[in-house]
Each structure stands twice: as C-alpha cells, then as structure tokens.
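Participant: This is the content of entry-v3.cif (mmCIF, C-alpha atoms and all ligand atoms):
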data_upload
#
loop_
_atom_site.group_PDB
_atom_site.id
_atom_site.type_symbol
_atom_site.label_atom_id
_atom_site.label_comp_id
_atom_site.auth_asym_id
_atom_site.auth_seq_id
_atom_site.Cartn_x
_atom_site.Cartn_y
_atom_site.Cartn_z
ATOM 1 C CA MET A 384 0.000 0.000 0.000
ATOM 2 C CA GLU A 385 1.306 3.475 -0.864
ATOM 3 C CA THR A 386 2.192 5.385 2.289
ATOM 4 C CA GLY A 387 3.525 8.899 2.671
ATOM 5 C CA SER A 388 5.895 8.573 5.638
ATOM 6 C CA LYS A 389 8.630 6.138 6.583
ATOM 7 C CA VAL A 390 7.288 5.812 10.108
ATOM 8 C CA CYS A 391 3.833 6.023 11.650
ATOM 9 C CA ASP A 392 2.842 9.670 12.223
ATOM 10 C CA VAL A 393 1.247 8.765 15.546
ATOM 11 C CA CYS A 394 3.844 6.704 17.410
ATOM 12 C CA GLY A 395 6.813 7.789 15.289
ATOM 13 C CA GLU A 396 8.233 4.259 15.447
ATOM 14 C CA ALA A 397 6.447 1.487 13.632
ATOM 15 C CA GLN A 398 6.174 1.087 9.883
ATOM 16 C CA PRO A 399 3.016 2.623 8.448
ATOM 17 C CA VAL A 400 0.460 0.370 6.776
ATOM 18 C CA TYR A 401 -2.131 2.945 5.812
ATOM 19 C CA ARG A 402 -2.197 6.555 4.761
ATOM 20 C CA GLN A 403 -5.485 8.255 5.572
ATOM 21 C CA VAL A 404 -5.714 10.525 2.551
ATOM 22 C CA TYR A 405 -8.420 12.850 3.886
ATOM 23 C CA SER A 406 -6.384 13.630 7.031
ATOM 24 C CA GLY A 407 -2.872 13.190 5.619
ATOM 25 C CA VAL A 408 -1.910 10.924 8.537
ATOM 26 C CA SER A 409 0.019 7.663 8.069
ATOM 27 C CA PHE A 410 -0.712 4.915 10.602
ATOM 28 C CA CYS A 411 1.012 1.745 11.710
ATOM 29 C CA ALA A 412 -1.327 -1.205 12.273
ATOM 30 C CA SER A 413 -1.752 -0.750 15.996
ATOM 31 C CA CYS A 414 -2.144 3.043 15.888
ATOM 32 C CA PHE A 415 -4.690 2.643 13.077
ATOM 33 C CA LYS A 416 -6.810 0.211 15.087
ATOM 34 C CA GLU A 417 -6.581 2.453 18.114
ATOM 35 C CA SER A 418 -7.642 5.482 16.054
ATOM 36 C CA ILE A 419 -10.719 3.653 14.791
ATOM 37 C CA GLU A 420 -11.733 2.609 18.300
ATOM 38 C CA LYS A 421 -11.168 6.150 19.502
ATOM 39 C CA ARG A 422 -13.300 7.570 16.702
ATOM 40 C CA VAL A 423 -16.140 5.178 17.538
ATOM 41 C CA ARG A 424 -15.982 6.274 21.191
ATOM 42 C CA LYS A 425 -16.027 9.913 20.086
ATOM 43 C CA THR A 426 -18.958 9.277 17.743
ATOM 44 C CA ILE A 427 -20.901 7.673 20.583
ATOM 45 C CA SER A 428 -20.334 10.588 22.945
ATOM 46 C CA ARG A 429 -20.671 13.341 20.345
ATOM 47 C CA TYR A 430 -24.131 12.150 19.276
ATOM 48 C CA ASN A 431 -25.146 10.611 22.644
ATOM 49 C CA LEU A 432 -25.698 7.278 20.932
ATOM 50 C CA LEU A 433 -25.412 5.083 24.028
ATOM 51 C CA ARG A 434 -26.105 5.446 27.747
ATOM 52 C CA GLU A 435 -24.212 3.974 30.653
ATOM 53 C CA ASP A 436 -27.013 1.563 31.567
ATOM 54 C CA ASP A 437 -28.122 0.540 28.070
ATOM 55 C CA ARG A 438 -28.893 -3.025 27.139
ATOM 56 C CA ILE A 439 -27.456 -2.911 23.630
ATOM 57 C CA LEU A 440 -28.629 -5.260 20.920
ATOM 58 C CA VAL A 441 -25.949 -5.541 18.232
ATOM 59 C CA ALA A 442 -27.314 -6.757 14.912
ATOM 60 C CA VAL A 443 -24.690 -9.206 13.641
ATOM 61 C CA SER A 444 -24.963 -10.579 10.126
ATOM 62 C CA GLY A 445 -21.547 -12.219 10.101
ATOM 63 C CA GLY A 446 -20.142 -9.736 7.577
ATOM 64 C CA LYS A 447 -17.085 -7.584 8.248
ATOM 65 C CA ASP A 448 -18.980 -4.456 9.305
ATOM 66 C CA SER A 449 -21.108 -6.103 11.955
ATOM 67 C CA LEU A 450 -18.280 -8.241 13.364
ATOM 68 C CA THR A 451 -16.059 -5.161 13.559
ATOM 69 C CA LEU A 452 -18.820 -3.244 15.332
ATOM 70 C CA LEU A 453 -19.326 -6.101 17.778
ATOM 71 C CA LYS A 454 -15.638 -6.314 18.562
ATOM 72 C CA ILE A 455 -15.303 -2.568 19.168
ATOM 73 C CA LEU A 456 -18.497 -2.337 21.247
ATOM 74 C CA ALA A 457 -17.447 -5.324 23.357
ATOM 75 C CA ARG A 458 -14.246 -3.464 24.148
ATOM 76 C CA ILE A 459 -16.046 -0.187 24.955
ATOM 77 C CA GLU A 460 -18.709 -1.931 27.013
ATOM 78 C CA ARG A 461 -16.062 -3.217 29.442
ATOM 79 C CA ASP A 462 -15.668 0.365 30.673
ATOM 80 C CA TYR A 463 -19.389 0.598 31.481
ATOM 81 C CA PRO A 464 -20.293 -2.032 34.072
ATOM 82 C CA ARG A 465 -23.992 -1.136 34.021
ATOM 83 C CA ALA A 466 -24.297 -1.615 30.263
ATOM 84 C CA SER A 467 -24.793 -5.009 28.642
ATOM 85 C CA LEU A 468 -24.479 -6.400 25.129
ATOM 86 C CA VAL A 469 -26.438 -9.047 23.293
ATOM 87 C CA ALA A 470 -25.717 -10.021 19.688
ATOM 88 C CA VAL A 471 -28.607 -10.988 17.425
ATOM 89 C CA SER A 472 -28.401 -12.684 14.039
ATOM 90 C CA ILE A 473 -31.355 -13.097 11.741
ATOM 91 C CA ASP A 474 -31.580 -16.315 9.741
ATOM 92 C CA GLU A 475 -33.575 -15.460 6.625
ATOM 93 C CA GLY A 476 -33.673 -19.044 5.472
ATOM 94 C CA ILE A 477 -31.231 -18.972 2.570
ATOM 95 C CA PRO A 478 -29.706 -22.459 2.801
ATOM 96 C CA GLY A 479 -25.955 -22.629 2.332
ATOM 97 C CA TYR A 480 -25.479 -18.884 2.581
ATOM 98 C CA ARG A 481 -26.452 -17.843 6.045
ATOM 99 C CA ASP A 482 -25.012 -20.949 7.781
ATOM 100 C CA GLU A 483 -21.409 -19.814 7.321
ATOM 101 C CA ALA A 484 -22.193 -16.273 8.509
ATOM 102 C CA LEU A 485 -24.042 -17.583 11.560
ATOM 103 C CA ARG A 486 -21.095 -19.773 12.482
ATOM 104 C CA LEU A 487 -18.686 -16.812 12.219
ATOM 105 C CA ALA A 488 -21.025 -14.683 14.345
ATOM 106 C CA ALA A 489 -21.348 -17.422 16.966
ATOM 107 C CA ASP A 490 -17.558 -17.965 17.079
ATOM 108 C CA MET A 491 -16.873 -14.269 17.521
ATOM 109 C CA CYS A 492 -19.468 -13.962 20.299
ATOM 110 C CA ARG A 493 -17.976 -16.923 22.112
ATOM 111 C CA ARG A 494 -14.512 -15.384 21.909
ATOM 112 C CA LEU A 495 -15.756 -12.018 23.159
ATOM 113 C CA GLY A 496 -18.009 -13.528 25.830
ATOM 114 C CA VAL A 497 -21.130 -11.917 24.345
ATOM 115 C CA GLU A 498 -24.533 -13.621 24.454
ATOM 116 C CA HIS A 499 -25.639 -14.578 20.914
ATOM 117 C CA ARG A 500 -29.224 -15.207 19.803
ATOM 118 C CA VAL A 501 -30.544 -16.286 16.424
ATOM 119 C CA TYR A 502 -34.069 -15.506 15.200
ATOM 120 C CA THR A 503 -35.442 -17.048 12.020
ATOM 121 C CA PHE A 504 -37.914 -15.764 9.436
ATOM 122 C CA GLU A 505 -39.501 -19.197 9.626
ATOM 123 C CA ASP A 506 -40.350 -18.738 13.322
ATOM 124 C CA LEU A 507 -41.270 -15.074 13.108
ATOM 125 C CA PHE A 508 -43.149 -14.946 9.792
ATOM 126 C CA GLY A 509 -43.990 -18.561 9.013
ATOM 127 C CA LEU A 510 -41.599 -19.071 6.103
ATOM 128 C CA GLY A 511 -38.023 -18.445 5.043
ATOM 129 C CA LEU A 512 -36.840 -16.428 2.083
ATOM 130 C CA ALA A 513 -35.897 -19.399 -0.128
ATOM 131 C CA GLU A 514 -39.355 -20.868 0.402
ATOM 132 C CA ALA A 515 -40.964 -17.538 -0.481
ATOM 133 C CA MET A 516 -38.959 -17.551 -3.708
ATOM 134 C CA ASN A 517 -39.527 -21.206 -4.513
ATOM 135 C CA ARG A 518 -43.268 -20.976 -4.020
ATOM 136 C CA GLY A 519 -43.439 -17.995 -6.370
ATOM 137 C CA VAL A 520 -44.674 -15.587 -3.706
ATOM 138 C CA LEU A 521 -42.208 -12.847 -4.563
ATOM 139 C CA GLY A 522 -42.942 -13.023 -8.269
ATOM 140 C CA ARG A 523 -46.674 -12.703 -7.708
ATOM 141 C CA LEU A 524 -46.196 -9.761 -5.341
ATOM 142 C CA GLY A 525 -43.810 -8.154 -7.839
ATOM 143 C CA LEU A 526 -41.156 -7.877 -5.132
ATOM 144 C CA GLY A 527 -37.412 -8.420 -5.236
ATOM 145 C CA ALA A 528 -36.003 -10.811 -2.646
ATOM 146 C CA CYS A 529 -34.018 -7.946 -1.106
ATOM 147 C CA THR A 530 -37.162 -5.914 -0.493
ATOM 148 C CA LEU A 531 -38.960 -8.627 1.462
ATOM 149 C CA CYS A 532 -35.725 -9.580 3.198
ATOM 150 C CA GLY A 533 -34.935 -5.982 4.168
ATOM 151 C CA VAL A 534 -38.389 -5.241 5.546
ATOM 152 C CA TRP A 535 -38.598 -8.478 7.498
ATOM 153 C CA ARG A 536 -35.030 -8.256 8.766
ATOM 154 C CA ARG A 537 -35.769 -4.835 10.182
ATOM 155 C CA LYS A 538 -38.944 -6.110 11.822
ATOM 156 C CA ALA A 539 -37.145 -9.213 13.124
ATOM 157 C CA ILE A 540 -34.550 -7.021 14.827
ATOM 158 C CA SER A 541 -37.315 -4.965 16.453
ATOM 159 C CA LEU A 542 -39.072 -8.115 17.692
ATOM 160 C CA ALA A 543 -35.775 -9.473 19.006
ATOM 161 C CA ALA A 544 -35.076 -6.168 20.753
ATOM 162 C CA ARG A 545 -38.423 -6.365 22.556
ATOM 163 C CA ASP A 546 -37.943 -10.025 23.359
ATOM 164 C CA LEU A 547 -34.502 -9.377 24.859
ATOM 165 C CA LYS A 548 -35.541 -6.131 26.578
ATOM 166 C CA ALA A 549 -32.906 -4.140 24.714
ATOM 167 C CA THR A 550 -32.994 -0.370 25.184
ATOM 168 C CA VAL A 551 -31.120 0.391 21.970
ATOM 169 C CA VAL A 552 -30.185 -1.369 18.725
ATOM 170 C CA ALA A 553 -26.704 -0.834 17.290
ATOM 171 C CA THR A 554 -26.348 -1.394 13.556
ATOM 172 C CA ALA A 555 -23.136 -1.541 11.535
ATOM 173 C CA HIS A 556 -23.950 1.151 8.972
ATOM 174 C CA THR A 557 -20.756 2.869 7.870
ATOM 175 C CA LEU A 558 -20.191 6.381 6.529
ATOM 176 C CA ASP A 559 -20.503 5.010 2.975
ATOM 177 C CA ASP A 560 -23.790 3.184 3.701
ATOM 178 C CA ILE A 561 -25.388 6.275 5.181
ATOM 179 C CA VAL A 562 -24.310 8.669 2.440
ATOM 180 C CA GLN A 563 -25.451 6.136 -0.185
ATOM 181 C CA THR A 564 -28.894 6.008 1.414
ATOM 182 C CA TYR A 565 -29.179 9.799 1.533
ATOM 183 C CA ILE A 566 -28.146 10.100 -2.124
ATOM 184 C CA MET A 567 -30.597 7.354 -3.103
ATOM 185 C CA ASP A 568 -33.384 9.229 -1.287
ATOM 186 C CA ILE A 569 -32.499 12.402 -3.165
ATOM 187 C CA LEU A 570 -32.310 10.616 -6.531
ATOM 188 C CA ARG A 571 -35.732 9.169 -5.773
ATOM 189 C CA GLY A 572 -37.000 12.712 -5.316
ATOM 190 C CA GLU A 573 -37.197 12.809 -1.522
ATOM 191 C CA PHE A 574 -34.973 14.658 0.884
ATOM 192 C CA PRO A 575 -33.964 12.369 3.805
ATOM 193 C CA LYS A 576 -36.620 12.603 6.538
ATOM 194 C CA ALA A 577 -34.389 11.807 9.487
ATOM 195 C CA PRO A 578 -30.691 11.332 10.127
ATOM 196 C CA ILE A 579 -29.695 7.661 9.953
ATOM 197 C CA GLY A 580 -28.243 6.010 13.023
ATOM 198 C CA LEU A 581 -28.815 8.814 15.525
ATOM 199 C CA ARG A 582 -30.739 8.156 18.708
ATOM 200 C CA ARG A 583 -34.425 9.012 18.382
ATOM 201 C CA GLU A 584 -36.700 8.075 21.274
ATOM 202 C CA GLY A 585 -40.406 8.309 21.896
ATOM 203 C CA ASN A 586 -43.586 6.597 20.665
ATOM 204 C CA GLY A 587 -42.424 3.213 21.929
ATOM 205 C CA ILE A 588 -39.458 3.212 19.573
ATOM 206 C CA ILE A 589 -36.375 1.243 20.479
ATOM 207 C CA PRO A 590 -33.806 3.622 18.994
ATOM 208 C CA ARG A 591 -31.338 2.468 16.340
ATOM 209 C CA VAL A 592 -27.848 3.879 16.429
ATOM 210 C CA ALA A 593 -24.908 3.523 14.064
ATOM 211 C CA PRO A 594 -21.612 3.842 15.976
ATOM 212 C CA LEU A 595 -19.617 3.363 12.719
ATOM 213 C CA ARG A 596 -21.360 6.281 10.999
ATOM 214 C CA LEU A 597 -18.105 8.269 10.793
ATOM 215 C CA ILE A 598 -15.921 5.379 9.642
ATOM 216 C CA PRO A 599 -15.450 4.935 5.885
ATOM 217 C CA GLU A 600 -16.154 1.420 4.614
ATOM 218 C CA GLU A 601 -12.561 1.027 3.442
ATOM 219 C CA GLU A 602 -11.315 1.588 7.005
ATOM 220 C CA VAL A 603 -13.773 -0.925 8.432
ATOM 221 C CA VAL A 604 -12.395 -3.494 5.986
ATOM 222 C CA LEU A 605 -8.823 -2.638 6.992
ATOM 223 C CA TYR A 606 -9.707 -2.825 10.698
ATOM 224 C CA ALA A 607 -11.286 -6.259 10.211
ATOM 225 C CA TYR A 608 -8.255 -7.426 8.242
ATOM 226 C CA LEU A 609 -5.674 -6.088 10.734
ATOM 227 C CA SER A 610 -7.682 -7.500 13.655
ATOM 228 C CA ARG A 611 -7.850 -10.885 11.904
ATOM 229 C CA ILE A 612 -11.612 -10.911 12.142
ATOM 230 C CA PRO A 613 -12.792 -13.752 9.922
ATOM 231 C CA PHE A 614 -15.864 -12.626 8.025
ATOM 232 C CA GLN A 615 -18.111 -13.858 5.267
ATOM 233 C CA GLU A 616 -16.978 -12.511 1.928
ATOM 234 C CA ILE A 617 -19.467 -14.140 -0.416
ATOM 235 C CA PRO A 618 -22.250 -11.713 -1.289
ATOM 236 C CA CYS A 619 -25.828 -12.817 -0.755
ATOM 237 C CA PRO A 620 -26.922 -15.028 -3.697
ATOM 238 C CA ASN A 621 -30.115 -12.998 -4.061
ATOM 239 C CA ALA A 622 -28.461 -9.594 -4.038
ATOM 240 C CA GLN A 623 -29.844 -7.408 -6.802
ATOM 241 C CA ASN A 624 -29.750 -3.962 -5.322
ATOM 242 C CA SER A 625 -28.529 -2.415 -8.553
ATOM 243 C CA GLN A 626 -29.558 1.106 -7.581
ATOM 244 C CA ARG A 627 -27.388 1.026 -4.470
ATOM 245 C CA ASP A 628 -24.540 -0.591 -6.425
ATOM 246 C CA LEU A 629 -24.516 2.279 -8.904
ATOM 247 C CA VAL A 630 -24.480 4.883 -6.151
ATOM 248 C CA ARG A 631 -21.844 2.946 -4.202
ATOM 249 C CA THR A 632 -19.523 2.722 -7.203
ATOM 250 C CA PHE A 633 -19.944 6.380 -8.074
ATOM 251 C CA LEU A 634 -19.345 7.581 -4.504
ATOM 252 C CA ALA A 635 -16.309 5.336 -4.028
ATOM 253 C CA GLN A 636 -14.726 6.627 -7.240
ATOM 254 C CA TYR A 637 -15.546 10.197 -6.331
ATOM 255 C CA GLU A 638 -14.118 9.813 -2.816
ATOM 256 C CA SER A 639 -10.877 8.336 -4.097
ATOM 257 C CA ARG A 640 -10.451 11.302 -6.435
ATOM 258 C CA TYR A 641 -11.667 13.952 -3.973
ATOM 259 C CA PRO A 642 -10.889 12.628 -0.487
ATOM 260 C CA GLY A 643 -13.190 13.840 2.264
ATOM 261 C CA SER A 644 -16.255 14.116 0.010
ATOM 262 C CA LEU A 645 -18.229 11.522 1.961
ATOM 263 C CA PHE A 646 -17.731 13.422 5.226
ATOM 264 C CA ALA A 647 -18.679 16.661 3.471
ATOM 265 C CA ALA A 648 -21.861 15.120 2.029
ATOM 266 C CA LEU A 649 -22.884 13.648 5.385
ATOM 267 C CA LYS A 650 -22.376 16.954 7.146
ATOM 268 C CA THR A 651 -24.160 19.037 4.532
ATOM 269 C CA ILE A 652 -27.138 16.721 4.202
ATOM 270 C CA GLU A 653 -27.580 16.208 7.942
ATOM 271 C CA SER A 654 -27.403 19.910 8.677
ATOM 272 C CA SER A 655 -30.379 20.376 6.347
ATOM 273 C CA ILE A 656 -32.567 17.535 7.655
ATOM 274 C CA ILE A 657 -35.537 18.694 9.677
ATOM 275 C CA PRO A 658 -36.700 15.625 11.613
ATOM 276 C CA ARG A 659 -40.458 15.408 11.758
ATOM 277 C CA GLU A 660 -41.523 14.547 15.283
ATOM 278 C CA GLY A 661 -44.550 12.410 15.927
ATOM 279 C CA ALA A 662 -44.584 11.052 12.395
ATOM 280 C CA LEU A 663 -44.664 7.495 13.731
ATOM 281 C CA THR A 664 -47.687 5.751 15.248
ATOM 282 C CA PRO A 665 -48.072 2.153 16.460
ATOM 283 C CA CYS A 666 -48.921 -0.343 13.682
ATOM 284 C CA GLN A 667 -52.496 -1.534 14.181
ATOM 285 C CA LEU A 668 -51.444 -5.161 13.858
ATOM 286 C CA CYS A 669 -48.130 -5.482 15.697
ATOM 287 C CA GLY A 670 -47.748 -2.218 17.613
ATOM 288 C CA GLU A 671 -44.330 -1.405 16.165
ATOM 289 C CA PRO A 672 -43.868 2.286 15.361
ATOM 290 C CA SER A 673 -44.534 2.974 11.696
ATOM 291 C CA SER A 674 -45.260 5.898 9.419
ATOM 292 C CA ARG A 675 -48.357 4.015 8.221
ATOM 293 C CA THR A 676 -51.409 2.524 9.963
ATOM 294 C CA ILE A 677 -50.237 -1.013 9.129
ATOM 295 C CA CYS A 678 -46.474 -1.390 9.025
ATOM 296 C CA ARG A 679 -44.798 -2.619 5.847
ATOM 297 C CA ALA A 680 -43.653 -5.854 7.502
ATOM 298 C CA CYS A 681 -47.192 -6.768 8.633
ATOM 299 C CA GLU A 682 -48.551 -5.793 5.235
ATOM 300 C CA LEU A 683 -46.113 -8.110 3.460
ATOM 301 C CA GLU A 684 -46.800 -10.852 5.989
ATOM 302 C CA SER A 685 -50.515 -10.752 5.283
ATOM 303 C CA GLN A 686 -49.971 -10.560 1.511
ATOM 304 C CA VAL A 687 -47.705 -13.595 1.654
ATOM 305 C CA SER A 688 -50.197 -15.437 3.876
ATOM 306 C CA SER A 689 -53.101 -14.773 1.573
ATOM 307 C CA LEU A 690 -51.113 -15.905 -1.473
ATOM 308 C CA LEU A 691 -50.296 -19.120 0.343
ATOM 309 C CA GLY A 692 -53.945 -19.483 1.367
ATOM 310 C CA ARG A 693 -53.320 -19.036 5.042
ATOM 311 C CA GLU A 694 -55.143 -16.965 7.638
ATOM 312 C CA GLY A 695 -55.120 -13.196 7.258
ATOM 313 C CA GLY A 696 -55.430 -11.526 3.933
ATOM 314 C CA LEU A 697 -55.203 -7.834 4.191
ATOM 315 C CA VAL A 698 -53.733 -6.423 1.020
ATOM 316 C CA ARG A 699 -52.554 -2.891 0.599
ATOM 317 C CA ALA A 700 -50.051 -2.080 -2.027
ATOM 318 C CA ASP A 701 -48.428 1.274 -1.329
ATOM 319 C CA ILE A 702 -44.715 1.020 -0.703
ATOM 320 C CA GLY A 703 -43.062 2.897 2.130
ATOM 321 C CA VAL A 704 -39.303 3.104 1.940
ATOM 322 C CA ASP A 705 -38.887 4.053 5.582
ATOM 323 C CA ASP A 706 -39.674 0.537 6.751
ATOM 324 C CA VAL A 707 -36.864 -1.016 4.735
ATOM 325 C CA GLU A 708 -33.632 -2.030 6.360
ATOM 326 C CA GLY A 709 -31.552 -0.545 3.541
ATOM 327 C CA VAL A 710 -28.146 -2.075 3.957
ATOM 328 C CA ASP A 711 -26.517 -4.690 6.044
HETATM 329 ZN ZN ZN A 801 2.029 3.843 15.251
HETATM 330 ZN ZN ZN A 802 -46.938 -4.199 12.109
#
Translate this file's structure into structure tokens.
Ligand SMILES: [Zn+2]
Ligand SMILES: [Zn+2]
Facilitator:
Amino acid sequence: METGSKVCDVCGEAQPVYRQVYSGVSFCASCFKESIEKRVRKTISRYNLLREDDRILVAVSGGKDSLTLLKILARIERDYPRASLVAVSIDEGIPGYRDEALRLAADMCRRLGVEHRVYTFEDLFGLGLAEAMNRGVLGRLGLGACTLCGVWRRKAISLAARDLKATVVATAHTLDDIVQTYIMDILRGEFPKAPIGLRREGNGIIPRVAPLRLIPEEEVVLYAYLSRIPFQEIPCPNAQNSQRDLVRTFLAQYESRYPGSLFAALKTIESSIIPREGALTPCQLCGEPSSRTICRACELESQVSSLLGREGGLVRADIGVDDVEGVD
C-alpha cells in the first residue's frame, strides 16, 4: 500500500500500513486500530448514541462491518459495568449462505463472551426467504427478494429487541452506507426525513444507532483485516440492489479522487434535515412504530399469507421506503 511517511505519524516508530488521505496521517497497524476505536468512542459521545445503563442489541450478520462493530463495542462496554451487550443474528432461510455467517457470528461472540441469539424468518413470519422464492410468492407480489428480506429483517430485529428487553439497537452502517442512502433518497425525489443512526426516542421506539457512521467502509475493511476478524466474503446469492450498487460505485470513485467528500456530504445533508416529530404511530397489527397505519412488515406478511392461502389476507399495495432495512 502506498504510504507517505517512513514511520507512523502517531507513534513515530512502527512502519506505516495505511495513509489516511483525507487527514494526511500515516498509521502503523496498531495506531490505526486504536484510532478507529477512539473515533467510535467519540462518535458515541458526540451524538449521545449510548447510555451507561443501556442493554445494547448488536445486529450481527456475520459480515465484516457487523463483526467489527461487535468487537469494538465489546471493548467499549467493558468500561461501562452497568451496560450489557447481546448479539442478534437473523436467519432469513437462505440455505448454504447464512449458515457460514451464523457460524462466524457465533464464534466471535464466544470469543468475546457476548450472548448470541438467532431468530429465524420461519419462526417469526412462518416461512423463510428461499421458500418464499420457490413458491413464487415474490414473483406474484412483484417484489425483489431484497425488499422482502430488508423489511422483514428490520422487523425481526425490532421483535428481538423487545424479546430481549434491549434499550437500543446498534447497527453496523458505515459512513458510505449512510451517504449512499441519503443520495438514493435524493435521486428518488425525496430529501432524507431523518438522520440515519442517531438516537431518536419516543412513541415506543427502540432507537437504532450507528456507531460506525463516521468510519469509511474502506477503514472498516482494513480494521477487520488487521484484527484478523474472519468474516463472510461471499455476497448474498439474491443480491440485486442495482440502484445502491450504482451509487456505491460512483461515490467510491468520487471519494478516491476527492478525499473527504463523503464526510462533506454527510455533514451538509444532515445539517439540512428537519426531523419530523410524531410522524410514527403504532402499527395496528403489531404495535411497532410505523409511518403508516399497518407497518410494511405486517402488510407483506398478510400478503404472503393470503397468497399461500393461510389466515389473514389484508392487502394494501403502497410502498413505504422508511420501513426497509436498507443495507446490512
Ligand atoms: Zn504507530
Ligand atoms: Zn406491524
């Protein structure tokens, strides 16, 4: 890797492994890892993401971002004896894909001494994703697998959070993920309604926070690599989020040419967001906060049920993007 200095700019001793272009600082491996952990701590305190007595649910898919988040939070949590961590993985029912990720998540939790729970679509919604595809449900609803998966994954995390009495959910969204989502909103003709990954309470919401929101994706990958975190590298076999892929590619190219652009975009967009309070009310079916009377997850559940000839059968077709889990 191309580095500017002969020694690490932080410790002045070790050989640098990474030059952070947007700051001009060259880091050795251990100073780099320390700087990432420090930035996550700063992010948490700057935005008040976590409290000293939180029960924190960490959503762990088994990918590099979520395993990195888990590792860093486990370290931070040691300094807060009244806080506790529980890791939750959602098994969507994609045979052969999720198994490997679940094993990596379980291994990591065991090593860190963090409780690990797995919730399945099958148990929560009556069928897994592969079954929904095989039985032609998605085709008849005109839905991509990622849409159903994203909506249900989000709901599954909320149900798990209630089940485990979590006071906050920590997700592994990185700087890149968040800026991508904002840009996608704008390209869709909507200005982002609320900042992503900042603590919003009220109306029975279990807040979702993103402690990696100021860490570029590239640095999360490097942290995982330098920390020897084994993670699942195979992309989901159903992935087809072409819109996000286009935005991701564009932003990554732009950032490499004009370093610091992602931070600038985040700052500019978030300073212009006016969060609308009280926009969420309890879903009439499940009670989860939603911007609609029936949340998107319940709506899809009843559509799937009625297609399969099971109980329930409410069908409403408008699509709300705010109930979708976005990225993993
Ligand atoms: Zn150093
Ligand atoms: Zn609902």
Participant: Could you write out as a list in words the residues that the PyMOL selection byres (((not hetatm)) within 10 of (chain A and resi 802)) matches in the shown file?
Facilitator: Lys538, Pro665, Cys666, Gln667, Leu668, Cys669, Gly670, Glu671, Pro672, Ser673, Arg675, Thr676, Ile677, Cys678, Arg679, Ala680, Cys681, Glu682, Leu683 and Glu684 of chain A
Participant: Using all atoms listed in the file, which protein or nucleic acid residues are at most 8 Å from ligand ZN 801 (chain A), as a PDB file with C-alpha atoms, in the coordinates of the input?
Facilitator:
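The result, written out as out15.pdb:
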ATOM      1  CA  VAL A 390       7.288   5.812  10.108  1.00  0.00           C
ATOM      2  CA  CYS A 391       3.833   6.023  11.650  1.00  0.00           C
ATOM      3  CA  ASP A 392       2.842   9.670  12.223  1.00  0.00           C
ATOM      4  CA  VAL A 393       1.247   8.765  15.546  1.00  0.00           C
ATOM      5  CA  CYS A 394       3.844   6.704  17.410  1.00  0.00           C
ATOM      6  CA  GLY A 395       6.813   7.789  15.289  1.00  0.00           C
ATOM      7  CA  GLU A 396       8.233   4.259  15.447  1.00  0.00           C
ATOM      8  CA  ALA A 397       6.447   1.487  13.632  1.00  0.00           C
ATOM      9  CA  GLN A 398       6.174   1.087   9.883  1.00  0.00           C
ATOM     10  CA  PRO A 399       3.016   2.623   8.448  1.00  0.00           C
ATOM     11  CA  PHE A 410      -0.712   4.915  10.602  1.00  0.00           C
ATOM     12  CA  CYS A 411       1.012   1.745  11.710  1.00  0.00           C
ATOM     13  CA  ALA A 412      -1.327  -1.205  12.273  1.00  0.00           C
ATOM     14  CA  SER A 413      -1.752  -0.750  15.996  1.00  0.00           C
ATOM     15  CA  CYS A 414      -2.144   3.043  15.888  1.00  0.00           C
ATOM     16  CA  PHE A 415      -4.690   2.643  13.077  1.00  0.00           C
TER      17      PHE A 415
END
Participant: Applying the PyMOL selection byres (((chain A and resi 495) around 12) and not hetatm) to the file I just gave you, which residues come out? Please list them as a PyMOL selection string.
Facilitator: chain A and resi 450-451+453-461+468-470+488-494+496-499+612
Participant: For Val501 (chain A), which of A:Gly476, A:Gly446, A:Pro618, A:Pro599 is the closest residue, counting only C-alpha atoms?
Facilitator: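 Counting only C-alpha atoms, the residue closest to Val501 (chain A) is A:Gly476.
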Participant: Go ahead and compute the interatomic distance for CA of Pro478 (chain A) and CA of Leu690 (chain A), in Å to one decimal.
Facilitator: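 Atom-to-atom, CA of Pro478 (chain A) to CA of Leu690 (chain A), that is 22.8 Å.
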Participant: Complete the atoms of region 470-480 of chain A to N, CA, C and O atoms and put them out as a tab-separated table (two decimals), in the frame of the given file.
Facilitator:
chain	number	residue	atom	x	y	z
A	470	ALA	N	-25.83	-10.00	21.15
A	470	ALA	CA	-25.72	-10.02	19.69
A	470	ALA	C	-26.88	-10.82	19.11
A	470	ALA	O	-27.23	-11.87	19.64
A	471	VAL	N	-27.48	-10.30	18.06
A	471	VAL	CA	-28.61	-10.99	17.42
A	471	VAL	C	-28.32	-11.18	15.94
A	471	VAL	O	-27.93	-10.24	15.25
A	472	SER	N	-28.51	-12.41	15.48
A	472	SER	CA	-28.40	-12.68	14.04
A	472	SER	C	-29.77	-13.12	13.54
A	472	SER	O	-30.50	-13.81	14.25
A	473	ILE	N	-30.09	-12.70	12.34
A	473	ILE	CA	-31.36	-13.10	11.74
A	473	ILE	C	-31.06	-14.12	10.66
A	473	ILE	O	-30.26	-13.87	9.75
A	474	ASP	N	-31.72	-15.27	10.75
A	474	ASP	CA	-31.58	-16.32	9.74
A	474	ASP	C	-32.76	-16.20	8.79
A	474	ASP	O	-33.88	-16.53	9.15
A	475	GLU	N	-32.49	-15.70	7.58
A	475	GLU	CA	-33.58	-15.46	6.62
A	475	GLU	C	-34.04	-16.73	5.96
A	475	GLU	O	-35.05	-16.73	5.24
A	476	GLY	N	-33.29	-17.81	6.14
A	476	GLY	CA	-33.67	-19.04	5.47
A	476	GLY	C	-33.16	-19.08	4.05
A	476	GLY	O	-33.93	-19.30	3.10
A	477	ILE	N	-31.87	-18.82	3.88
A	477	ILE	CA	-31.23	-18.97	2.57
A	477	ILE	C	-30.21	-20.08	2.77
A	477	ILE	O	-29.09	-19.83	3.21
A	478	PRO	N	-30.59	-21.33	2.47
A	478	PRO	CA	-29.71	-22.46	2.80
A	478	PRO	C	-28.35	-22.29	2.13
A	478	PRO	O	-28.25	-21.85	1.00
A	479	GLY	N	-27.30	-22.65	2.89
A	479	GLY	CA	-25.96	-22.63	2.33
A	479	GLY	C	-25.30	-21.26	2.37
A	479	GLY	O	-24.10	-21.15	2.23
A	480	TYR	N	-26.08	-20.22	2.54
A	480	TYR	CA	-25.48	-18.88	2.58
A	480	TYR	C	-25.34	-18.40	4.02
A	480	TYR	O	-24.27	-18.05	4.48
